[in-house]
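So the structure is just underneath, and the comments pick up after that.
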Amino acid sequence: MITSNIQWKSLRGIVAALFTIHCSLFTGVALTSCYEDKGNYSYTALNEISVSAPVAGTYFAIDRYDTLHIEPQLSFTLGAIDDSQLTFRWEMYLDDWANTEAKAIVLGTDRVLNAVVNRPESTTNYALVLTVTDSQTGAAYRTKYSVNIQPSVLSGLMVLQDDEGRCRLDYLASTYAEPAFTQNRHIKDVYATANDGRSLSGTPRGVSFSLVEKSSYDPQTKNLYVWTDREVARISSSDFTEQHINSDLFMIAPEKIDVASITRSISSNYVTIMINNGQARALNQQATMDYGYQFSRELKANGSLTGNMSFAPYVYQPDLFGSQTGYCAILYDQQGKRFVKVASSYDAEPAIFAFNEQDEDVCQSLFDVNNIGMDMLWMGKNYGALAYAVFADAGGRRHLYRMRFNVASTTTDAQGNEQVNPQVYRQAAAKYDFSAAEGGNEARLFECGRFAANTMIYATPRNLYSYDFTAQKAILLNDPFPEGEEITAMKIYNVEFYTQNLQNVKGTLLYVATWNGTEGKVYEFPINRTTLRLNNRAAADGNLKAPYNVFTGFGRVVDMCVKPQGRGDGAV
C-alpha cells in the first residue's frame, strides 16, 4: 500500500529521541546522566518534499501510443532543492492499487515525464507512481495518479516507409477514414514502439491486411503482415505486437525469405496467398475454424502445366466462393507468361493448374489467358469482380487487359441439368493500347475502385490520371504537387470486409504518398467512388481537387494498406 508522504529523520535525531524517552522512565542517576549528556545529541530539521501539482489522485486519460506528459511542481519546507540533488522514478502498475507486481514498468527517471504509453487498453485504470528522493538525506516522497488508456487504433491506413535505411510502419487515420474519431491520428513507428524498439531488417517491401470474415456469429481472424527483402512478420492488428516472424510463419522454412506479396482480398475466400522468392504458398483459414498461421510448402503444378514457374507479386481472388469457381486464386507466371489457377481445396497445399483451353475466336480477336507472352506490371480487381492487368511487351509498349475470372465453373439449364459454363472458355474480355494514354508508358502505380465500372486510376511520378475504358481516354486528376515531390505510393480506401461503420466511406478516399528527397507526405483526397474523380465539395475555395488532409513527417513511403477495424476490435 502506498504512503503518500514518507518522512525520514536523521539517524542522530532518532537516537536522540529514543535516548530522551529512555531517560524519562528513570529517576536519580538516570536523570543526572541525561542532564550531563545534554547537548551531545540534536534534532536535524528535514527539508520536506511534496508535489503540489498535479495533486495526488489526478486522473489522466490517454490514447494508446500517445505521449503522456506530466510536469510536476515540487514544494519544500526549508527551501528549494536543485534537481541535480533529487532522483525521480515514474512507475506504471497494472492496477490502480499500485501493487509491486513484477510487471510494473518504469516510464521515466526525469522530473518531467514524456513517455509513449504502449500498455494495452484496460477496463480498469493503471496506477502511475512518482517517487522523488533527496539523494543526500534519503528523504523521499511518493504520490499516485490514475491513468486510463483508451483504444487509439480502429480503422485506417498502415503506411510502410524506408526511414533513412530503417523499416518503419505508421498508423494513420483521419476523421474521414474512421468516423468514430473526433480528430486525426498519426501514430509513428508502431512496430518498433510495440516491440521493444525492434524493426525488421532489410529494405521495406510491403504491408497487407487480411480478415477472414467467417460468419456474422463466428469470431473473425485478422492478420496484419509486414515484410522486407529479408524478413516477414505477422503482427497484431490492434496493438501491433509481433505474433510470428520469419521461419515461424512456414511449415517448412524456405531457403530464402524474399516476400513480394501476401494477399487475401475478399471476405468469401478463406485462403491467403504468399509470393516468396517467386514461389506461391497458401494459408487456409476455413469458415468454421482458423487453420493456424503457417504457410504451406511451395505450391506445385498438376499435370495440366509444364515448365518452371515464377510468379508476379499480384493475386486475383474471386468474389464467388471457390467451390463455385473451382479455384481460390489466380496468379501470373512471369516465366511462362501465362495465367494459372490455385485450386480451391481445403488441403494445406492446393495444386496449381492451367485454365481450360480457350475459344479460338476469343484468342484471335483478344488474347489467350494461357499464353499472354508479356511481363505483368500490375493486376487488380474492378467493379463486378472484373480483373485488370497491365503488361509490357518486348518493345516496352504498355497493354491493358480485362478478364472475366469471377466465373462459376458450371451452370444449370432449364431442366436442372448441370453443365460446363461456356464462360470458362471465353475469359478474355477486352484489351486496350495503354501506351496511347497520356503518361501511359510512365505509369508505375495503378488502382481500381470496386464501385467504378469503367474507370481506373494510375500515377506517373508527378501526376494522377483516371482512365476511361469506354472512351479509352485518360483524364488528369490533380493540381500540380509541390516542386520536387515524386509520387511513391497510392491506395484507394477500398474496404472489402464486414465494417458497418465504413459502408458510406469505402471507396471515397484516395491516398497518395510523395517524397521530396528529405520528407515523405501522405495526401488524403476525396473521390467520387463511381467516377474516380477528385471530389472535395467541402473545400473553402470550391476547389474539387484540394485534399482533405496533407500528413507530413514520413520517410520514403513504399507501400500502404487499408486496415479495417472489424468485429472483435471493439466495434463493428
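In the C-alpha cells, chains take letters A, B, ... by order of appearance, with residues numbered from 1 within each chain and ligands from 1 in the order shown.
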
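Counting only C-alpha atoms, Ile149 (chain A) has the following residues at most 8 Å away, ignoring those fewer than 6 positions along the same chain: Ala61, Ile62, Asp63, Arg64, Arg119, Pro120, Glu121, Ser122, Asn125 and Tyr126 of chain A.
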
* To do: Within 8 Å of Arg402 (chain A), counting only C-alpha atoms, which residues show up once you throw out same-chain ones fewer than 2 positions away? Write them as a list of chain:residue names, please.
  =>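 Answer for this query is A:Leu386, A:Ala387, A:Tyr388, A:Ala389, A:Leu400, A:Arg404, A:Ala428, A:Ala429, A:Ala430, A:Lys431.
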
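Distance check against Ala194 (chain A) using only C-alpha atoms: of A:Ser247, A:Ser237, A:Asn356, A:Asn370, the minimum falls on A:Ser237.
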
* To do: Assign secondary structure with DSSP using the backbone only, and return the residues of region 299-487 of chain A in strand (DSSP E or B) as an MDAnalysis selection string.
  => chainID A and resid 301 311 316 327:333 338:343 352:353 368 371 375:381 387:392 398:403 410:412 418:420 428:433 445:448 455:459 464:468 473:476 486:487

* **Non-local contacts of region 159-167 of chain A (9 Å; only C-alpha atoms; under 6 positions in same chain excluded) as a PyMOL selection string** => chain A and resi 189+199-207+226-228+520+522+554-561

* **Selected residue of minimal separation from Gln85 (chain A) among A:Pro482, A:Gly440, A:Gly138, A:Pro179, counting only C-alpha atoms** =>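 Checking each candidate against Gln85 (chain A), we get A:Gly138 as the closest.
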
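The list of residues with at least one atom within 7 Å of region 468-478 of chain A, based on only C-alpha atoms and without residues fewer than 5 positions apart in the same chain, reads Ala437, Glu438, Asn454, Thr455, Asn463, Arg533, Leu534 and Lys545 of chain A.
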
Include all heavy atoms and write out the residues we just selected as a PDB file, in the first residue's frame.
```pdb
ATOM      1  N   ALA A 437      -2.439   6.139 -73.992  1.00  0.00           N
ATOM      2  CA  ALA A 437      -2.996   7.021 -72.964  1.00  0.00           C
ATOM      3  C   ALA A 437      -1.933   8.010 -72.498  1.00  0.00           C
ATOM      4  O   ALA A 437      -0.737   7.709 -72.486  1.00  0.00           O
ATOM      5  CB  ALA A 437      -3.489   6.185 -71.786  1.00  0.00           C
ATOM      6  N   GLU A 438      -2.362   9.195 -72.096  1.00  0.00           N
ATOM      7  CA  GLU A 438      -1.422  10.206 -71.627  1.00  0.00           C
ATOM      8  C   GLU A 438      -0.642   9.681 -70.422  1.00  0.00           C
ATOM      9  O   GLU A 438      -1.222   9.258 -69.422  1.00  0.00           O
ATOM     10  CB  GLU A 438      -2.160  11.489 -71.237  1.00  0.00           C
ATOM     11  CG  GLU A 438      -1.239  12.608 -70.788  1.00  0.00           C
ATOM     12  CD  GLU A 438      -1.991  13.880 -70.446  1.00  0.00           C
ATOM     13  OE1 GLU A 438      -3.230  13.921 -70.651  1.00  0.00           O
ATOM     14  OE2 GLU A 438      -1.350  14.835 -69.973  1.00  0.00           O
ATOM     15  N   ASN A 454     -16.200   1.617 -65.187  1.00  0.00           N
ATOM     16  CA  ASN A 454     -15.492   1.848 -66.446  1.00  0.00           C
ATOM     17  C   ASN A 454     -14.219   2.667 -66.303  1.00  0.00           C
ATOM     18  O   ASN A 454     -13.701   3.186 -67.281  1.00  0.00           O
ATOM     19  CB  ASN A 454     -16.418   2.561 -67.442  1.00  0.00           C
ATOM     20  CG  ASN A 454     -17.607   1.701 -67.816  1.00  0.00           C
ATOM     21  OD1 ASN A 454     -17.447   0.568 -68.234  1.00  0.00           O
ATOM     22  ND2 ASN A 454     -18.800   2.247 -67.637  1.00  0.00           N
ATOM     23  N   THR A 455     -13.718   2.806 -65.068  1.00  0.00           N
ATOM     24  CA  THR A 455     -12.529   3.624 -64.869  1.00  0.00           C
ATOM     25  C   THR A 455     -11.557   2.978 -63.888  1.00  0.00           C
ATOM     26  O   THR A 455     -11.936   2.131 -63.069  1.00  0.00           O
ATOM     27  CB  THR A 455     -12.890   5.023 -64.337  1.00  0.00           C
ATOM     28  OG1 THR A 455     -13.636   4.875 -63.118  1.00  0.00           O
ATOM     29  CG2 THR A 455     -13.692   5.803 -65.342  1.00  0.00           C
ATOM     30  N   ASN A 463       1.946  12.893 -61.613  1.00  0.00           N
ATOM     31  CA  ASN A 463       0.521  13.158 -61.840  1.00  0.00           C
ATOM     32  C   ASN A 463      -0.349  11.930 -61.611  1.00  0.00           C
ATOM     33  O   ASN A 463       0.111  10.780 -61.660  1.00  0.00           O
ATOM     34  CB  ASN A 463       0.298  13.673 -63.262  1.00  0.00           C
ATOM     35  CG  ASN A 463       0.796  15.088 -63.453  1.00  0.00           C
ATOM     36  OD1 ASN A 463       0.514  15.971 -62.641  1.00  0.00           O
ATOM     37  ND2 ASN A 463       1.559  15.322 -64.517  1.00  0.00           N
ATOM     38  N   ARG A 533     -13.203  10.592 -59.836  1.00  0.00           N
ATOM     39  CA  ARG A 533     -12.733  11.974 -59.956  1.00  0.00           C
ATOM     40  C   ARG A 533     -12.553  12.567 -58.550  1.00  0.00           C
ATOM     41  O   ARG A 533     -13.274  12.199 -57.615  1.00  0.00           O
ATOM     42  CB  ARG A 533     -13.733  12.819 -60.737  1.00  0.00           C
ATOM     43  CG  ARG A 533     -14.053  12.314 -62.132  1.00  0.00           C
ATOM     44  CD  ARG A 533     -12.915  12.521 -63.098  1.00  0.00           C
ATOM     45  NE  ARG A 533     -13.277  12.090 -64.437  1.00  0.00           N
ATOM     46  CZ  ARG A 533     -13.872  12.865 -65.343  1.00  0.00           C
ATOM     47  NH1 ARG A 533     -14.169  14.119 -65.030  1.00  0.00           N
ATOM     48  NH2 ARG A 533     -14.166  12.407 -66.549  1.00  0.00           N
ATOM     49  N   LEU A 534     -11.611  13.491 -58.399  1.00  0.00           N
ATOM     50  CA  LEU A 534     -11.445  14.190 -57.128  1.00  0.00           C
ATOM     51  C   LEU A 534     -12.702  15.002 -56.849  1.00  0.00           C
ATOM     52  O   LEU A 534     -13.294  15.588 -57.756  1.00  0.00           O
ATOM     53  CB  LEU A 534     -10.209  15.083 -57.173  1.00  0.00           C
ATOM     54  CG  LEU A 534      -8.875  14.370 -57.461  1.00  0.00           C
ATOM     55  CD1 LEU A 534      -7.706  15.326 -57.275  1.00  0.00           C
ATOM     56  CD2 LEU A 534      -8.693  13.126 -56.614  1.00  0.00           C
ATOM     57  N   LYS A 545     -10.338  19.657 -56.365  1.00  0.00           N
ATOM     58  CA  LYS A 545      -9.091  18.895 -56.376  1.00  0.00           C
ATOM     59  C   LYS A 545      -8.278  19.049 -55.094  1.00  0.00           C
ATOM     60  O   LYS A 545      -7.245  18.410 -54.947  1.00  0.00           O
ATOM     61  CB  LYS A 545      -8.232  19.320 -57.576  1.00  0.00           C
ATOM     62  CG  LYS A 545      -8.888  19.049 -58.921  1.00  0.00           C
ATOM     63  CD  LYS A 545      -7.980  19.447 -60.068  1.00  0.00           C
ATOM     64  CE  LYS A 545      -8.626  19.141 -61.408  1.00  0.00           C
ATOM     65  NZ  LYS A 545      -7.724  19.488 -62.538  1.00  0.00           N
TER      66      LYS A 545
END
```

* Asked: Which residue, A:Tyr458, A:Tyr327, A:Tyr314, A:Phe250, has the smallest gap to Leu283 (chain A) when you use only C-alpha atoms?
  ->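 For Leu283 (chain A), the nearest of the given residues is A:Phe250.
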
* Residues at most 12 Å from Trp90 (chain A), counting only C-alpha atoms, excluding those fewer than 3 positions away in the same chain, as number ranges by chain? -> A: 68-72, 87, 93, 98, 104-115, 127-133, 142-145

Go ahead and save the residues from that selection, with N, CA and C atoms, as an mmCIF file, in the first residue's frame.
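Once everything was written out, this is selection15.cif:
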```
data_model
loop_
_atom_site.group_PDB
_atom_site.id
_atom_site.type_symbol
_atom_site.label_atom_id
_atom_site.label_comp_id
_atom_site.auth_asym_id
_atom_site.auth_seq_id
_atom_site.Cartn_x
_atom_site.Cartn_y
_atom_site.Cartn_z
ATOM 1 N N LEU A 68 2.448 10.599 -22.842
ATOM 2 C CA LEU A 68 1.943 11.093 -21.561
ATOM 3 C C LEU A 68 2.937 12.126 -21.039
ATOM 4 N N HIS A 69 2.470 13.350 -20.912
ATOM 5 C CA HIS A 69 3.329 14.460 -20.472
ATOM 6 C C HIS A 69 2.842 14.963 -19.119
ATOM 7 N N ILE A 70 3.725 14.921 -18.113
ATOM 8 C CA ILE A 70 3.410 15.458 -16.788
ATOM 9 C C ILE A 70 4.635 16.229 -16.296
ATOM 10 N N GLU A 71 4.409 17.459 -15.889
ATOM 11 C CA GLU A 71 5.491 18.300 -15.360
ATOM 12 C C GLU A 71 5.140 18.655 -13.914
ATOM 13 N N PRO A 72 5.621 17.862 -12.951
ATOM 14 C CA PRO A 72 5.230 18.069 -11.549
ATOM 15 C C PRO A 72 5.864 19.335 -10.956
ATOM 16 N N THR A 87 16.414 12.459 -7.187
ATOM 17 C CA THR A 87 16.182 11.412 -8.176
ATOM 18 C C THR A 87 14.683 11.241 -8.340
ATOM 19 N N TYR A 93 1.796 0.717 -12.869
ATOM 20 C CA TYR A 93 1.376 -0.583 -12.363
ATOM 21 C C TYR A 93 0.115 -1.042 -13.087
ATOM 22 N N ALA A 98 -1.568 -0.057 -7.339
ATOM 23 C CA ALA A 98 -0.112 0.071 -7.414
ATOM 24 C C ALA A 98 0.604 -1.018 -6.632
ATOM 25 N N ALA A 104 5.174 -4.348 -13.324
ATOM 26 C CA ALA A 104 5.229 -2.897 -13.296
ATOM 27 C C ALA A 104 6.404 -2.433 -14.147
ATOM 28 N N ILE A 105 6.239 -1.300 -14.831
ATOM 29 C CA ILE A 105 7.295 -0.820 -15.708
ATOM 30 C C ILE A 105 7.699 0.592 -15.311
ATOM 31 N N VAL A 106 8.927 0.946 -15.617
ATOM 32 C CA VAL A 106 9.437 2.290 -15.365
ATOM 33 C C VAL A 106 9.251 3.100 -16.644
ATOM 34 N N LEU A 107 8.487 4.179 -16.541
ATOM 35 C CA LEU A 107 8.236 5.028 -17.704
ATOM 36 C C LEU A 107 9.288 6.112 -17.861
ATOM 37 N N GLY A 108 9.940 6.528 -16.750
ATOM 38 C CA GLY A 108 10.924 7.580 -16.863
ATOM 39 C C GLY A 108 11.661 7.805 -15.568
ATOM 40 N N THR A 109 12.817 8.473 -15.665
ATOM 41 C CA THR A 109 13.624 8.805 -14.496
ATOM 42 C C THR A 109 14.004 10.282 -14.482
ATOM 43 N N ASP A 110 13.287 11.092 -15.244
ATOM 44 C CA ASP A 110 13.477 12.538 -15.223
ATOM 45 C C ASP A 110 12.326 13.185 -14.470
ATOM 46 N N ARG A 111 12.546 14.412 -14.057
ATOM 47 C CA ARG A 111 11.483 15.134 -13.346
ATOM 48 C C ARG A 111 10.241 15.262 -14.216
ATOM 49 N N VAL A 112 10.410 15.679 -15.447
ATOM 50 C CA VAL A 112 9.282 15.826 -16.368
ATOM 51 C C VAL A 112 9.101 14.518 -17.123
ATOM 52 N N LEU A 113 7.899 13.993 -17.087
ATOM 53 C CA LEU A 113 7.604 12.736 -17.781
ATOM 54 C C LEU A 113 7.144 13.030 -19.202
ATOM 55 N N ASN A 114 7.844 12.442 -20.169
ATOM 56 C CA ASN A 114 7.427 12.436 -21.573
ATOM 57 C C ASN A 114 7.598 11.009 -22.056
ATOM 58 N N ALA A 115 6.553 10.226 -21.982
ATOM 59 C CA ALA A 115 6.680 8.802 -22.283
ATOM 60 C C ALA A 115 5.569 8.360 -23.224
ATOM 61 N N ALA A 127 -2.149 2.522 -12.345
ATOM 62 C CA ALA A 127 -1.589 3.426 -11.338
ATOM 63 C C ALA A 127 -0.248 3.937 -11.829
ATOM 64 N N LEU A 128 -0.060 5.236 -11.739
ATOM 65 C CA LEU A 128 1.217 5.857 -12.072
ATOM 66 C C LEU A 128 1.770 6.462 -10.792
ATOM 67 N N VAL A 129 2.934 5.982 -10.362
ATOM 68 C CA VAL A 129 3.521 6.400 -9.090
ATOM 69 C C VAL A 129 4.805 7.177 -9.350
ATOM 70 N N LEU A 130 4.887 8.377 -8.785
ATOM 71 C CA LEU A 130 6.103 9.179 -8.847
ATOM 72 C C LEU A 130 6.779 9.143 -7.488
ATOM 73 N N THR A 131 8.053 8.757 -7.480
ATOM 74 C CA THR A 131 8.863 8.776 -6.258
ATOM 75 C C THR A 131 9.979 9.800 -6.438
ATOM 76 N N VAL A 132 10.029 10.779 -5.513
ATOM 77 C CA VAL A 132 11.081 11.806 -5.519
ATOM 78 C C VAL A 132 11.942 11.587 -4.281
ATOM 79 N N THR A 133 13.255 11.469 -4.463
ATOM 80 C CA THR A 133 14.160 11.162 -3.362
ATOM 81 C C THR A 133 15.292 12.174 -3.311
ATOM 82 N N ARG A 142 6.303 9.989 -2.211
ATOM 83 C CA ARG A 142 5.635 9.224 -3.264
ATOM 84 C C ARG A 142 4.205 9.724 -3.425
ATOM 85 N N THR A 143 3.788 9.824 -4.693
ATOM 86 C CA THR A 143 2.402 10.205 -4.963
ATOM 87 C C THR A 143 1.879 9.354 -6.108
ATOM 88 N N LYS A 144 0.585 9.146 -6.161
ATOM 89 C CA LYS A 144 -0.017 8.223 -7.119
ATOM 90 C C LYS A 144 -1.090 8.937 -7.932
ATOM 91 N N TYR A 145 -1.081 8.631 -9.248
ATOM 92 C CA TYR A 145 -2.097 9.125 -10.165
ATOM 93 C C TYR A 145 -2.797 7.944 -10.819
#
```

* **Option closest in space to Tyr465 (chain A), from A:Arg444, A:Arg198, A:Lys521, A:Arg450 [counting only C-alpha atoms]** =>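 Among the listed residues, A:Arg444 lies closest to Tyr465 (chain A).
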
Would you pick out the contacts of Tyr511 (chain A) at 12 Å or less, using only C-alpha atoms, so that residues sharing its chain but fewer than 3 positions from it are not included, and give the list as a compact mmCIF listing (two decimals) with C-alpha atoms, in the first residue's frame?
```txt
# COMPACT_ATOMS: atom_id res chain seq x y z
CA GLY A 156 -7.36 3.47 -41.00
CA LEU A 157 -4.24 3.17 -43.10
CA MET A 158 -0.93 1.38 -42.49
CA VAL A 159 1.99 3.28 -44.03
CA LEU A 172 -2.75 6.86 -39.92
CA ALA A 173 -6.47 7.55 -39.54
CA SER A 174 -8.35 10.71 -40.37
CA TYR A 176 -12.96 10.73 -42.77
CA ALA A 177 -11.42 7.24 -42.77
CA GLU A 447 -5.61 1.31 -58.54
CA ILE A 457 -6.60 5.38 -61.60
CA ALA A 459 0.01 7.54 -61.38
CA LEU A 464 -2.67 11.21 -61.25
CA ILE A 487 4.65 10.03 -56.13
CA THR A 488 5.85 6.82 -54.45
CA ALA A 489 2.64 5.01 -53.38
CA MET A 490 -1.12 5.18 -53.95
CA LYS A 491 -4.13 3.48 -52.37
CA ILE A 492 -7.92 3.76 -52.73
CA TYR A 493 -9.70 3.23 -49.42
CA ASN A 494 -11.34 0.00 -50.56
CA GLY A 507 -14.12 3.81 -51.98
CA THR A 508 -14.43 7.55 -51.30
CA THR A 514 5.09 11.66 -52.15
CA LYS A 521 3.93 13.17 -47.24
CA VAL A 522 0.57 11.42 -47.48
CA TYR A 523 -2.24 13.30 -49.25
CA GLU A 524 -5.84 12.37 -48.50
CA PHE A 525 -8.12 13.20 -51.44
CA PRO A 526 -11.91 12.76 -51.52
CA ILE A 527 -13.05 10.97 -54.67
CA LEU A 534 -11.44 14.19 -57.13
CA PRO A 547 -7.04 17.32 -50.47
CA TYR A 548 -8.87 16.85 -47.20
CA ASN A 549 -5.55 16.49 -45.38
CA VAL A 550 -1.81 16.52 -46.02
CA PHE A 551 0.04 14.45 -43.44
CA VAL A 557 6.67 5.62 -48.34
CA ASP A 559 3.52 0.76 -49.55
CA MET A 560 0.18 1.36 -47.86
CA CYS A 561 -2.74 -0.91 -46.93
CA VAL A 562 -6.25 -0.38 -45.61
```

* **Distance criterion (only C-alpha atoms): nearest to Phe391 (chain A) out of A:Phe355, A:Phe434, A:Phe311, A:Tyr59** => A:Phe434
